[in-house]
$ cat model-v4.cif   # mmCIF, C-alpha atoms
data_coords
loop_
_atom_site.group_PDB
_atom_site.id
_atom_site.type_symbol
_atom_site.label_atom_id
_atom_site.label_comp_id
_atom_site.auth_asym_id
_atom_site.auth_seq_id
_atom_site.Cartn_x
_atom_site.Cartn_y
_atom_site.Cartn_z
ATOM 1 C CA MET A 1 10.632 16.656 9.515
ATOM 2 C CA ALA A 2 7.991 15.255 7.172
ATOM 3 C CA ALA A 3 7.748 11.778 8.646
ATOM 4 C CA ARG A 4 5.592 11.056 11.665
ATOM 5 C CA ALA A 5 7.355 9.625 14.699
ATOM 6 C CA TYR A 6 6.789 5.877 15.117
ATOM 7 C CA TRP A 7 7.438 6.147 18.872
ATOM 8 C CA GLN A 8 8.211 8.883 21.395
ATOM 9 C CA GLY A 9 9.555 8.294 24.864
ATOM 10 C CA GLN A 10 12.783 7.775 26.797
ATOM 11 C CA ILE A 11 15.733 5.444 26.443
ATOM 12 C CA ARG A 12 16.969 4.534 29.910
ATOM 13 C CA LEU A 13 20.538 3.546 30.691
ATOM 14 C CA ALA A 14 20.548 2.839 34.451
ATOM 15 C CA LEU A 15 19.627 6.229 35.966
ATOM 16 C CA VAL A 16 20.071 8.214 32.748
ATOM 17 C CA SER A 17 16.865 8.839 30.788
ATOM 18 C CA ILE A 18 17.181 10.247 27.261
ATOM 19 C CA PRO A 19 14.046 11.658 25.582
ATOM 20 C CA VAL A 20 13.984 10.420 21.983
ATOM 21 C CA GLU A 21 11.831 10.160 18.886
ATOM 22 C CA ILE A 22 11.965 7.130 16.576
ATOM 23 C CA TYR A 23 11.308 7.386 12.830
ATOM 24 C CA PRO A 24 11.040 4.698 10.121
ATOM 25 C CA ALA A 25 14.322 4.215 8.244
ATOM 26 C CA THR A 26 12.675 2.553 5.243
ATOM 27 C CA LYS A 27 9.771 3.301 2.907
ATOM 28 C CA SER A 28 7.765 1.549 0.229
ATOM 29 C CA GLY A 29 9.639 1.118 -3.025
ATOM 30 C CA ALA A 30 8.509 1.510 -6.622
ATOM 31 C CA ALA A 31 6.290 -1.577 -6.630
ATOM 32 C CA VAL A 32 3.355 -1.550 -9.059
ATOM 33 C CA SER A 33 -0.056 -2.502 -7.659
ATOM 34 C CA PHE A 34 -3.146 -3.492 -9.617
ATOM 35 C CA ARG A 35 -6.910 -3.497 -9.092
ATOM 36 C CA GLN A 36 -9.185 -6.165 -10.509
ATOM 37 C CA ILE A 37 -11.600 -4.645 -13.051
ATOM 38 C CA HIS A 38 -14.955 -5.961 -14.318
ATOM 39 C CA GLU A 39 -14.341 -5.690 -18.074
ATOM 40 C CA PRO A 40 -17.955 -5.239 -19.310
ATOM 41 C CA SER A 41 -18.664 -2.315 -16.949
ATOM 42 C CA GLY A 42 -15.127 -1.055 -16.394
ATOM 43 C CA LYS A 43 -15.697 -0.860 -12.649
ATOM 44 C CA PRO A 44 -13.341 -2.149 -9.900
ATOM 45 C CA ILE A 45 -14.306 -5.409 -8.237
ATOM 46 C CA LYS A 46 -15.110 -5.167 -4.536
ATOM 47 C CA TYR A 47 -15.298 -7.946 -1.983
ATOM 48 C CA GLU A 48 -17.962 -8.744 0.558
ATOM 49 C CA LYS A 49 -17.677 -10.789 3.737
ATOM 50 C CA VAL A 50 -19.743 -13.884 2.972
ATOM 51 C CA VAL A 51 -20.696 -17.007 4.943
ATOM 52 C CA SER A 52 -21.267 -20.206 2.980
ATOM 53 C CA GLY A 53 -24.994 -20.962 2.868
ATOM 54 C CA VAL A 54 -25.850 -17.607 4.477
ATOM 55 C CA GLY A 55 -24.527 -14.946 2.116
ATOM 56 C CA PRO A 56 -23.226 -11.447 2.978
ATOM 57 C CA VAL A 57 -23.013 -10.732 6.718
ATOM 58 C CA ASP A 58 -22.913 -7.595 8.832
ATOM 59 C CA PRO A 59 -19.506 -6.716 10.352
ATOM 60 C CA ASP A 60 -21.132 -6.553 13.800
ATOM 61 C CA GLU A 61 -21.814 -10.289 13.558
ATOM 62 C CA ILE A 62 -18.148 -11.186 13.055
ATOM 63 C CA LEU A 63 -15.916 -12.486 15.883
ATOM 64 C CA LYS A 64 -12.256 -13.500 15.941
ATOM 65 C CA GLY A 65 -11.709 -17.269 15.953
ATOM 66 C CA TYR A 66 -8.560 -19.206 16.841
ATOM 67 C CA GLU A 67 -8.492 -22.588 15.088
ATOM 68 C CA LEU A 68 -7.726 -25.431 17.500
ATOM 69 C CA SER A 69 -8.237 -28.124 14.892
ATOM 70 C CA LYS A 70 -9.922 -28.376 11.494
ATOM 71 C CA GLY A 71 -13.274 -26.595 11.858
ATOM 72 C CA ASN A 72 -12.914 -26.202 15.642
ATOM 73 C CA TYR A 73 -12.484 -22.620 16.871
ATOM 74 C CA VAL A 74 -12.210 -20.682 20.117
ATOM 75 C CA LEU A 75 -14.218 -17.459 19.693
ATOM 76 C CA LEU A 76 -12.907 -14.186 21.116
ATOM 77 C CA GLN A 77 -14.593 -10.817 21.474
ATOM 78 C CA GLN A 78 -12.607 -7.758 20.404
ATOM 79 C CA ASP A 79 -12.748 -6.325 23.939
ATOM 80 C CA GLU A 80 -11.271 -9.588 25.289
ATOM 81 C CA ILE A 81 -8.352 -9.247 22.880
ATOM 82 C CA GLU A 82 -7.883 -5.594 23.813
ATOM 83 C CA ALA A 83 -7.799 -6.503 27.513
ATOM 84 C CA VAL A 84 -4.656 -8.642 27.182
ATOM 85 C CA LYS A 85 -2.660 -6.111 25.180
ATOM 86 C CA ILE A 86 0.505 -4.868 26.845
ATOM 87 C CA GLU A 87 0.162 -1.416 28.354
ATOM 88 C CA SER A 88 2.085 1.068 26.247
ATOM 89 C CA ARG A 89 5.144 2.338 28.067
ATOM 90 C CA LYS A 90 7.123 5.416 27.202
ATOM 91 C CA THR A 91 10.440 3.983 28.369
ATOM 92 C CA LEU A 92 12.825 1.693 26.503
ATOM 93 C CA GLU A 93 15.198 0.277 29.091
ATOM 94 C CA LEU A 94 18.494 -1.118 27.822
ATOM 95 C CA VAL A 95 18.693 -4.306 29.879
ATOM 96 C CA GLN A 96 21.647 -6.031 28.198
ATOM 97 C CA PHE A 97 24.581 -5.379 25.879
ATOM 98 C CA VAL A 98 26.116 -7.849 23.422
ATOM 99 C CA GLU A 99 28.960 -7.846 20.907
ATOM 100 C CA ALA A 100 28.033 -6.042 17.705
ATOM 101 C CA ASP A 101 28.411 -9.226 15.621
ATOM 102 C CA ALA A 102 26.643 -11.520 18.119
ATOM 103 C CA ILE A 103 23.172 -11.134 16.580
ATOM 104 C CA ASP A 104 22.561 -13.372 13.568
ATOM 105 C CA VAL A 105 21.382 -11.531 10.451
ATOM 106 C CA LEU A 106 18.213 -13.672 10.454
ATOM 107 C CA TYR A 107 16.958 -11.855 13.556
ATOM 108 C CA TYR A 108 16.985 -8.354 12.036
ATOM 109 C CA GLU A 109 13.565 -7.260 10.791
ATOM 110 C CA LYS A 110 13.189 -3.484 10.390
ATOM 111 C CA PRO A 111 15.380 -0.411 11.106
ATOM 112 C CA TYR A 112 14.408 2.934 12.634
ATOM 113 C CA PHE A 113 16.296 6.192 13.152
ATOM 114 C CA VAL A 114 16.562 7.394 16.762
ATOM 115 C CA LEU A 115 16.858 11.155 17.375
ATOM 116 C CA PRO A 116 17.089 13.236 20.562
ATOM 117 C CA ALA A 117 13.688 14.758 21.311
ATOM 118 C CA ASP A 118 15.089 18.187 22.249
ATOM 119 C CA ASP A 119 18.283 20.160 22.776
ATOM 120 C CA LEU A 120 18.555 19.102 26.413
ATOM 121 C CA ALA A 121 18.743 15.442 25.387
ATOM 122 C CA GLU A 122 21.588 15.867 22.898
ATOM 123 C CA GLU A 123 24.493 15.487 25.351
ATOM 124 C CA ALA A 124 23.203 12.273 26.928
ATOM 125 C CA TYR A 125 22.329 10.983 23.446
ATOM 126 C CA ALA A 126 25.913 11.596 22.268
ATOM 127 C CA VAL A 127 27.353 9.888 25.353
ATOM 128 C CA LEU A 128 25.284 6.746 24.731
ATOM 129 C CA ARG A 129 26.146 6.702 21.019
ATOM 130 C CA ASP A 130 29.887 7.079 21.607
ATOM 131 C CA ALA A 131 29.923 4.583 24.476
ATOM 132 C CA LEU A 132 28.325 1.945 22.234
ATOM 133 C CA ARG A 133 30.820 2.728 19.496
ATOM 134 C CA ARG A 134 33.839 2.586 21.846
ATOM 135 C CA THR A 135 32.788 -0.714 23.393
ATOM 136 C CA LYS A 136 31.598 -2.155 20.033
ATOM 137 C CA LYS A 137 28.449 -3.256 21.788
ATOM 138 C CA VAL A 138 24.758 -3.312 20.861
ATOM 139 C CA GLY A 139 22.067 -2.487 23.436
ATOM 140 C CA LEU A 140 19.010 -4.742 23.835
ATOM 141 C CA GLY A 141 15.570 -3.968 25.227
ATOM 142 C CA GLN A 142 11.844 -4.405 24.630
ATOM 143 C CA LEU A 143 9.759 -1.631 23.117
ATOM 144 C CA SER A 144 6.030 -1.491 23.921
ATOM 145 C CA VAL A 145 4.089 -0.367 20.837
ATOM 146 C CA ARG A 146 0.385 -0.782 19.992
ATOM 147 C CA GLY A 147 -0.261 -3.389 22.627
ATOM 148 C CA ARG A 148 2.704 -5.628 21.834
ATOM 149 C CA GLU A 149 6.323 -5.838 22.928
ATOM 150 C CA GLN A 150 9.036 -5.765 20.315
ATOM 151 C CA LEU A 151 12.554 -7.028 20.916
ATOM 152 C CA VAL A 152 14.922 -4.296 19.709
ATOM 153 C CA SER A 153 18.610 -3.533 19.431
ATOM 154 C CA LEU A 154 20.288 -0.126 19.532
ATOM 155 C CA LYS A 155 23.572 0.687 17.794
ATOM 156 C CA PRO A 156 25.497 3.748 16.574
ATOM 157 C CA CYS A 157 25.160 4.882 12.972
ATOM 158 C CA GLY A 158 27.195 7.891 11.850
ATOM 159 C CA ARG A 159 26.177 10.843 14.015
ATOM 160 C CA GLY A 160 23.111 9.057 15.316
ATOM 161 C CA LEU A 161 21.611 5.830 16.590
ATOM 162 C CA VAL A 162 19.680 3.130 14.758
ATOM 163 C CA LEU A 163 17.102 0.922 16.443
ATOM 164 C CA GLU A 164 16.465 -2.472 14.847
ATOM 165 C CA VAL A 165 13.292 -4.457 15.520
ATOM 166 C CA LEU A 166 14.406 -8.057 16.056
ATOM 167 C CA ARG A 167 12.506 -11.293 15.561
ATOM 168 C CA TYR A 168 11.892 -13.489 18.595
ATOM 169 C CA ALA A 169 13.535 -16.920 18.705
ATOM 170 C CA ASP A 170 10.324 -18.758 17.758
ATOM 171 C CA GLU A 171 10.073 -16.640 14.589
ATOM 172 C CA VAL A 172 13.432 -17.767 13.197
ATOM 173 C CA THR A 173 14.057 -21.136 11.554
ATOM 174 C CA ARG A 174 17.404 -22.643 12.488
ATOM 175 C CA ALA A 175 19.822 -22.849 9.572
ATOM 176 C CA GLN A 176 20.649 -26.476 10.431
ATOM 177 C CA THR A 177 17.095 -27.410 9.473
ATOM 178 C CA TYR A 178 18.034 -26.816 5.848
ATOM 179 C CA PHE A 179 21.819 -27.163 5.802
ATOM 180 C CA ARG A 180 22.348 -30.380 7.765
ATOM 181 C CA SER A 181 21.785 -32.534 4.657
ATOM 182 C CA LEU A 182 24.560 -30.790 2.701
ATOM 183 C CA PRO A 183 27.730 -32.892 2.286
ATOM 184 C CA ASP A 184 30.665 -32.070 4.562
ATOM 185 C CA MET A 185 33.283 -31.389 1.889
ATOM 186 C CA GLU A 186 35.902 -28.796 1.020
ATOM 187 C CA ALA A 187 35.949 -27.035 -2.330
ATOM 188 C CA ASP A 188 38.540 -27.967 -4.966
ATOM 189 C CA ALA A 189 41.616 -25.755 -4.496
ATOM 190 C CA ASP A 190 41.874 -24.689 -8.173
ATOM 191 C CA LEU A 191 38.173 -23.877 -8.398
ATOM 192 C CA LEU A 192 38.407 -21.985 -5.120
ATOM 193 C CA ASP A 193 41.302 -19.882 -6.456
ATOM 194 C CA LEU A 194 39.338 -19.095 -9.612
ATOM 195 C CA ALA A 195 36.219 -18.097 -7.684
ATOM 196 C CA THR A 196 38.312 -15.946 -5.333
ATOM 197 C CA THR A 197 39.891 -14.147 -8.305
ATOM 198 C CA ILE A 198 36.478 -13.390 -9.804
ATOM 199 C CA ILE A 199 35.166 -12.070 -6.486
ATOM 200 C CA GLU A 200 38.179 -9.812 -5.993
ATOM 201 C CA LYS A 201 37.856 -8.510 -9.554
ATOM 202 C CA LYS A 202 34.202 -7.590 -9.038
ATOM 203 C CA THR A 203 34.679 -6.112 -5.564
ATOM 204 C CA GLY A 204 33.655 -2.459 -5.177
ATOM 205 C CA LEU A 205 31.670 0.014 -3.094
ATOM 206 C CA PHE A 206 28.047 -0.749 -2.341
ATOM 207 C CA LYS A 207 25.917 1.663 -4.403
ATOM 208 C CA PRO A 208 22.273 0.632 -3.955
ATOM 209 C CA GLU A 209 21.043 3.320 -6.367
ATOM 210 C CA GLU A 210 22.672 1.387 -9.231
ATOM 211 C CA PHE A 211 20.341 -1.578 -8.708
ATOM 212 C CA HIS A 212 16.772 -1.583 -10.033
ATOM 213 C CA ASP A 213 13.904 -4.039 -10.138
ATOM 214 C CA ARG A 214 13.786 -4.611 -13.903
ATOM 215 C CA TYR A 215 10.316 -6.153 -13.667
ATOM 216 C CA VAL A 216 8.927 -2.961 -12.078
ATOM 217 C CA ASP A 217 10.701 -0.817 -14.705
ATOM 218 C CA ALA A 218 9.204 -2.955 -17.501
ATOM 219 C CA LEU A 219 5.713 -2.632 -15.977
ATOM 220 C CA HIS A 220 6.001 1.165 -15.887
ATOM 221 C CA GLN A 221 7.084 1.158 -19.535
ATOM 222 C CA LEU A 222 4.139 -1.063 -20.470
ATOM 223 C CA ILE A 223 1.691 1.201 -18.626
ATOM 224 C CA GLU A 224 3.065 4.311 -20.349
ATOM 225 C CA LYS A 225 2.843 2.556 -23.719
ATOM 226 C CA LYS A 226 -0.797 1.597 -23.109
ATOM 227 C CA LYS A 227 -1.636 5.167 -22.049
ATOM 228 C CA LYS A 228 -0.286 6.597 -25.298
ATOM 229 C CA ALA A 229 -1.598 3.884 -27.654
ATOM 230 C CA LYS A 230 -4.546 4.472 -30.000
ATOM 231 C CA GLY A 231 -7.713 2.824 -28.795
ATOM 232 C CA LYS A 232 -6.347 2.856 -25.258
ATOM 233 C CA ARG A 233 -8.571 1.599 -22.462
ATOM 234 C CA VAL A 234 -8.334 3.989 -19.552
ATOM 235 C CA ILE A 235 -11.360 3.989 -17.249
ATOM 236 C CA GLU A 236 -12.495 6.497 -14.673
ATOM 237 C CA ASP A 237 -13.909 5.032 -11.495
ATOM 238 C CA VAL A 238 -16.891 7.046 -10.282
ATOM 239 C CA GLU A 239 -17.504 6.295 -6.627
ATOM 240 C CA GLU A 240 -21.125 5.560 -5.744
ATOM 241 C CA ASP A 241 -22.593 6.689 -2.436
ATOM 242 C CA ALA A 242 -22.275 3.932 0.113
ATOM 243 C CA PRO A 243 -25.374 3.033 2.129
ATOM 244 C CA SER A 244 -25.435 4.753 5.504
ATOM 245 C CA ARG A 245 -24.801 2.686 8.643
ATOM 246 C CA GLY A 246 -25.057 2.941 11.838
ATOM 247 C CA ALA A 247 12.811 13.406 32.021
ATOM 248 C CA ASN A 248 15.826 14.498 31.528
ATOM 249 C CA VAL A 249 18.645 13.995 34.145
ATOM 250 C CA ILE A 250 20.111 17.437 34.987
ATOM 251 C CA ASP A 251 23.597 16.302 35.989
ATOM 252 C CA LEU A 252 24.569 13.655 33.420
ATOM 253 C CA MET A 253 27.974 12.931 34.943
ATOM 254 C CA ALA A 254 26.523 12.453 38.412
ATOM 255 C CA ALA A 255 23.844 10.136 37.082
ATOM 256 C CA LEU A 256 26.367 8.001 35.208
ATOM 257 C CA LYS A 257 28.619 7.764 38.272
ATOM 258 C CA LYS A 258 25.630 6.875 40.421
ATOM 259 C CA SER A 259 24.617 4.178 37.918
ATOM 260 C CA VAL A 260 28.063 2.602 38.069
ATOM 261 C CA GLY A 261 27.993 2.768 41.886
ATOM 262 C CA ASP A 262 24.599 1.061 42.045
ATOM 263 C CA GLY A 263 26.085 -2.034 40.444
ATOM 264 C CA SER A 264 28.407 -2.691 43.410
ATOM 265 C CA GLY A 265 25.996 -2.309 46.306
ATOM 266 C CA SER A 266 22.389 -2.964 47.215
ATOM 267 C CA SER A 267 21.809 -1.020 50.407
ATOM 268 C CA LYS A 268 18.336 0.167 51.313
ATOM 269 C CA LYS A 269 19.521 3.760 51.155
ATOM 270 C CA SER A 270 20.849 3.513 47.548
ATOM 271 C CA ALA A 271 17.696 1.705 46.449
ATOM 272 C CA THR A 272 15.567 4.513 47.874
ATOM 273 C CA LYS A 273 17.616 7.151 46.069
ATOM 274 C CA LYS A 274 17.392 5.178 42.836
ATOM 275 C CA ALA A 275 13.611 4.965 43.051
ATOM 276 C CA THR A 276 13.387 8.689 43.782
ATOM 277 C CA SER A 277 15.592 9.509 40.785
ATOM 278 C CA ARG A 278 13.523 7.346 38.474
ATOM 279 C CA SER A 279 10.329 8.957 39.728
ATOM 280 C CA THR A 280 11.791 12.382 38.979
ATOM 281 C CA ALA A 281 12.782 11.315 35.465
ATOM 282 C CA LYS A 282 9.314 9.935 34.753
ATOM 283 C CA SER A 283 7.642 13.118 35.909
ATOM 284 C CA LYS A 284 9.282 15.091 33.100
ATOM 285 C CA PRO A 285 7.437 14.291 29.894
ATOM 286 C CA SER A 286 9.307 14.389 26.618
ATOM 287 C CA ARG A 287 8.309 16.993 24.071
ATOM 288 C CA SER A 288 6.241 15.495 21.332
ATOM 289 C CA ARG A 289 6.629 16.335 17.696
ATOM 290 C CA ALA A 290 4.148 15.382 15.103
ATOM 291 C CA THR A 291 4.762 16.167 11.700
ATOM 292 C CA THR A 292 -0.848 9.719 7.000
ATOM 293 C CA ALA A 293 -1.086 7.737 4.109
ATOM 294 C CA ARG A 294 -3.556 5.367 2.776
ATOM 295 C CA LYS A 295 -2.133 2.048 1.777
ATOM 296 C CA LYS A 296 -3.953 0.020 -0.816
ATOM 297 C CA SER A 297 -2.638 -3.173 -2.388
ATOM 298 C CA ALA A 298 -4.077 -5.313 -5.116
#

$ encode --input "model-v4.cif" --output "structure tokens"
Amino acid sequence: MAARAYWQGQIRLALVSIPVEIYPATKSGAAVSFRQIHEPSGKPIKYEKVVSGVGPVDPDEILKGYELSKGNYVLLQQDEIEAVKIESRKTLELVQFVEADAIDVLYYEKPYFVLPADDLAEEAYAVLRDALRRTKKVGLGQLSVRGREQLVSLKPCGRGLVLEVLRYADEVTRAQTYFRSLPDMEADADLLDLATTIIEKKTGLFKPEEFHDRYVDALHQLIEKKKKAKGKRVIEDVEEDAPSRGANVIDLMAALKKSVGDGSGSSKKSATKKATSRSTAKSKPSRSRATTARKKSA
């Protein structure tokens, strides 16, 4: 697999731990990026970090500042910021399940493919996938990645599972904020019939490959035309030397039955067994697979 795993760890459903690997389900499209060029010299324009009245500054002199009010900042050292980051965990616990259509489309941010990390994980993976499909439910949990926690959902997709990164509530603007001023009226019946007829006539299968960004296509055509034109201006950027500076669960059926049983009782004995089982699952690391790209935008 060419892509590098975004996350490796275990999905936990009660006492069942499933080693998985998560891969991005999307990639950058055919967008065209530009560099700013100094026309007289033909060289790319670079930017320096500058302070008004001081000039260029050394990166070591730069701190992070949170603006409290206009021109009033709280200064933070990088090590102070690092200290409050969430400790990365290798377990995604499914803490709640909701109806598949209960999550508003506004909350969905980015999809990822979830795959079993090894052959031993495939059976438990299939059980979770089919259970979600049978119940028409979506699993919810929080994934710890790069010092932050992401709210995520898990749902079946064909033979596999798809994890969706969700936005938190304070990241979503309520629809009523924009729609409350619209008049409360019903559409004219004749116009509604006409619009319905048009929609039904144009209804078909979704084929995303048939849609293109015509602006991007036109830019590519323009670039090709300029390359082939007489008197073309194609420059070669010669880089100058920069100054030096300093756990799998063995018996899946037993674990599932035990998980269901744990929901009906809370005895000290069952709690002890549960803790022991979780400790055993954590002690078995998942197999890692690694299979980088430089991103530059204008």

$ atom_distance --input "model-v4.cif" --atom1 "CA of Lys90 in chain A" --atom2 "CA of Ser153 in chain A"
16.5 Å

$ atom_distance --input "model-v4.cif" --atom1 "CA of Glu109 in chain A" --atom2 "CA of Arg167 in chain A"
6.3 Å

$ resolve_selection --input "model-v4.cif" --expression "the PyMOL selection byres ((chain A and resi 89) around 12)" --output "list in words"
Trp7, Gln8, Gly9, Gln10, Ile11, Lys85, Ile86, Glu87, Ser88, Lys90, Thr91, Leu92, Glu93, Gln142, Leu143, Ser144, Val145, Arg146, Gly147, Arg148, Glu149, Gln150 and Lys282 of chain A

$ resolve_selection --input "model-v4.cif" --expression "the PyMOL selection byres ((chain A and resi 158-161) around 7)" --output "PDB file with C-alpha atoms, keeping the file's coordinate frame"
ATOM      1  CA  PHE A 113      16.296   6.192  13.152  1.00  0.00           C
ATOM      2  CA  VAL A 114      16.562   7.394  16.762  1.00  0.00           C
ATOM      3  CA  LEU A 115      16.858  11.155  17.375  1.00  0.00           C
ATOM      4  CA  ARG A 129      26.146   6.702  21.019  1.00  0.00           C
ATOM      5  CA  LEU A 154      20.288  -0.126  19.532  1.00  0.00           C
ATOM      6  CA  LYS A 155      23.572   0.687  17.794  1.00  0.00           C
ATOM      7  CA  PRO A 156      25.497   3.748  16.574  1.00  0.00           C
ATOM      8  CA  CYS A 157      25.160   4.882  12.972  1.00  0.00           C
ATOM      9  CA  VAL A 162      19.680   3.130  14.758  1.00  0.00           C
ATOM     10  CA  LEU A 163      17.102   0.922  16.443  1.00  0.00           C
TER      11      LEU A 163
END

$ resolve_selection --input "model-v4.cif" --expression "the PyMOL selection byres ((chain A and resi 133-135) around 10)" --output "JSON, numbers by chain"
{"A": [97, 98, 99, 100, 127, 128, 129, 130, 131, 132, 136, 137, 138, 155, 156, 157, 158]}

$ atom_distance --input "model-v4.cif" --atom1 "CA of Ser28 in chain A" --atom2 "CA of Pro44 in chain A"
23.7 Å

$ residues_near_point --input "model-v4.cif" --point "(14.2, -6.1, 9.9)" --cutoff "12 Å" --atoms "all atoms listed in the file" --output "PyMOL selection string"
chain A and resi 24-26+104-112+150-153+162-168

$ axis_aligned_box --input "model-v4.cif" --around "range 110-129 of chain A" --padding-each-side "3 Å" --output "AutoDock Vina command-line options"
--center_x 20.3 --center_y 8.3 --center_z 18.7 --size_x 20.2 --size_y 29.6 --size_z 22.5
